[in-house]
>>> print(open('final_21.txt').read())   # compact mmCIF, C-alpha atoms
# COMPACT_ATOMS: atom_id res chain seq x y z
CA MET X 29 10.69 4.23 13.93
CA LYS X 30 11.16 6.16 10.71
CA ILE X 31 11.54 4.34 7.36
CA LYS X 32 13.07 5.99 4.27
CA PRO X 33 12.91 3.85 1.10
CA LEU X 34 15.97 3.84 -1.15
CA GLY X 35 16.22 4.22 -4.93
CA GLU X 36 12.99 3.53 -6.81
CA ARG X 37 11.11 2.11 -3.83
CA VAL X 38 7.97 3.50 -2.20
CA LEU X 39 6.63 2.96 1.33
CA LEU X 40 2.87 2.36 1.34
CA LYS X 41 0.39 2.16 4.21
CA LYS X 42 -2.24 -0.47 3.56
CA THR X 43 -5.85 0.69 3.66
CA GLU X 44 -8.43 -1.04 5.82
CA LYS X 45 -10.34 -3.95 4.30
CA GLU X 46 -14.11 -4.05 4.17
CA THR X 47 -15.28 -6.65 6.69
CA LYS X 48 -18.98 -6.32 5.88
CA THR X 49 -20.82 -6.60 2.57
CA ALA X 50 -23.38 -4.07 1.35
CA GLY X 51 -26.08 -6.51 2.47
CA GLY X 52 -24.72 -6.56 6.03
CA LEU X 53 -22.95 -9.94 5.98
CA TYR X 54 -19.59 -10.18 7.75
CA ILE X 55 -16.68 -11.55 5.73
CA PRO X 56 -14.21 -13.69 7.72
CA GLU X 57 -10.57 -12.59 7.47
CA THR X 58 -9.59 -15.87 5.80
CA ALA X 59 -12.02 -15.21 2.93
CA GLN X 60 -11.03 -11.59 2.33
CA GLU X 61 -9.07 -10.72 -0.77
CA LYS X 62 -5.67 -9.11 -0.28
CA THR X 63 -6.01 -5.33 -0.56
CA GLN X 64 -4.44 -3.59 -3.52
CA GLU X 65 -5.07 -0.02 -2.41
CA ALA X 66 -2.69 1.92 -0.20
CA VAL X 67 -1.55 5.43 0.71
CA VAL X 68 1.99 6.62 -0.07
CA VAL X 69 3.90 7.38 3.14
CA ALA X 70 7.43 7.98 1.81
CA ILE X 71 9.31 7.76 -1.48
CA GLY X 72 12.88 6.93 -2.44
CA ASP X 73 15.39 9.38 -3.90
CA SER X 74 14.96 8.44 -7.58
CA GLN X 75 13.76 11.08 -10.06
CA ASP X 76 11.64 8.44 -11.84
CA ILE X 77 9.04 8.17 -9.06
CA LYS X 78 5.71 9.66 -10.18
CA VAL X 79 3.85 9.53 -6.84
CA LYS X 80 4.16 11.72 -3.77
CA PRO X 81 3.29 11.25 -0.08
CA ASN X 82 -0.45 11.07 0.70
CA ASP X 83 -1.35 9.85 -2.83
CA LYS X 84 -3.85 6.96 -2.82
CA VAL X 85 -2.57 4.27 -5.18
CA ILE X 86 -3.33 0.80 -6.53
CA HIS X 87 -0.41 -1.64 -6.62
CA ASP X 88 0.25 -5.13 -7.99
CA LYS X 89 -1.48 -7.79 -5.92
CA TYR X 90 1.61 -9.71 -4.78
CA ALA X 91 4.19 -6.92 -4.95
CA GLY X 92 6.56 -5.73 -2.29
CA THR X 93 7.73 -6.61 1.17
CA GLU X 94 5.35 -6.40 4.10
CA ILE X 95 6.63 -4.71 7.28
CA LYS X 96 5.12 -3.34 10.49
CA VAL X 97 5.91 0.23 11.49
CA GLU X 98 4.72 1.08 15.01
CA GLY X 99 2.21 -1.79 14.84
CA VAL X 100 0.69 -0.72 11.51
CA ASP X 101 1.00 -2.82 8.32
CA HIS X 102 3.06 -1.20 5.57
CA LEU X 103 4.44 -2.35 2.24
CA ILE X 104 7.68 -1.43 0.47
CA VAL X 105 7.23 -1.74 -3.31
CA LYS X 106 9.22 -0.86 -6.40
CA ASN X 107 8.02 2.17 -8.33
CA GLU X 108 7.00 -0.01 -11.30
CA ASP X 109 4.67 -2.09 -9.05
CA ILE X 110 2.38 0.93 -8.60
CA ILE X 111 -0.34 0.64 -11.24
CA ALA X 112 -2.42 3.80 -10.76
CA ILE X 113 -3.12 6.86 -8.65
CA VAL X 114 -6.69 7.08 -7.32
CA SER X 115 -8.17 10.59 -7.28
>>> encode(input="final_21.txt", output="structure tokens")
Amino acid sequence: MKIKPLGERVLLKKTEKETKTAGGLYIPETAQEKTQEAVVVAIGDSQDIKVKPNDKVIHDKYAGTEIKVEGVDHLIVKNEDIIAIVS
């Protein structure tokens, strides 16, 4: 399945969460904080979008719509919900 966001929307692939602390303790999934980092997969056709595919970004905590593409968690967010690019 191929997804192409429209307008000022961006398709993000969620990054994996840390399941173990630096001290070696395992964190149960129910106690883990929702990830805010993701990788840009595709962008809409708006000229206002400042990110490009493969950029690592930080987005608003509760932004977007969660979808599964080929069994992998993705997120479709508005351009303004992306807070920063991580380099």
>>> atom_distance(input="final_21.txt", atom1="atom CA of Gly92 of chain X", atom2="atom CA of Val68 of chain X")
13.4 Å
>>> atom_distance(input="final_21.txt", atom1="atom CA of Lys80 of chain X", atom2="atom CA of Gln64 of chain X")
17.6 Å
>>> closest_residue(input="final_21.txt", among="X:Glu94, X:Glu108, X:Asp101, X:Glu44", to="Val79 of chain X", atoms="only C-alpha atoms")
X:Glu108
>>> closest_residue(input="final_21.txt", among="X:Val100, X:Ile71, X:Val85, X:Ile77", to="Pro33 of chain X", atoms="all atoms listed in the file")
X:Ile71
>>> closest_residue(input="final_21.txt", among="X:Val69, X:Ile31, X:Leu103, X:Val114", to="Pro81 of chain X", atoms="only C-alpha atoms")
X:Val69
>>> residues_around(input="final_21.txt", residues="Arg37 of chain X", least_positions_apart="3", cutoff="7 Å", atoms="all atoms listed in the file", output="PDB file with C-alpha atoms, in the frame of the given file")
ATOM      1  CA  PRO X  33      12.910   3.850   1.100  1.00  0.00           C
ATOM      2  CA  LEU X  34      15.970   3.840  -1.150  1.00  0.00           C
ATOM      3  CA  ILE X  71       9.310   7.760  -1.480  1.00  0.00           C
ATOM      4  CA  GLY X  72      12.880   6.930  -2.440  1.00  0.00           C
ATOM      5  CA  ILE X 104       7.680  -1.430   0.470  1.00  0.00           C
ATOM      6  CA  VAL X 105       7.230  -1.740  -3.310  1.00  0.00           C
ATOM      7  CA  LYS X 106       9.220  -0.860  -6.400  1.00  0.00           C
ATOM      8  CA  ASN X 107       8.020   2.170  -8.330  1.00  0.00           C
TER       9      ASN X 107
END
>>> closest_residue(input="final_21.txt", among="X:Ser115, X:Thr43, X:Thr93, X:Thr49", to="Glu65 of chain X", atoms="all atoms listed in the file")
X:Thr43
>>> closest_residue(input="final_21.txt", among="X:Tyr54, X:Ala66, X:His102, X:Asp109", to="Tyr90 of chain X", atoms="only C-alpha atoms")
X:Asp109
>>> residues_around(input="final_21.txt", residues="Ile111 of chain X", least_positions_apart="2", cutoff="7 Å", atoms="all atoms listed in the file", output="PyMOL selection string")
chain X and resi 86-88+109
>>> atom_distance(input="final_21.txt", atom1="atom CA of Asp76 of chain X", atom2="atom CA of Glu36 of chain X")
7.2 Å
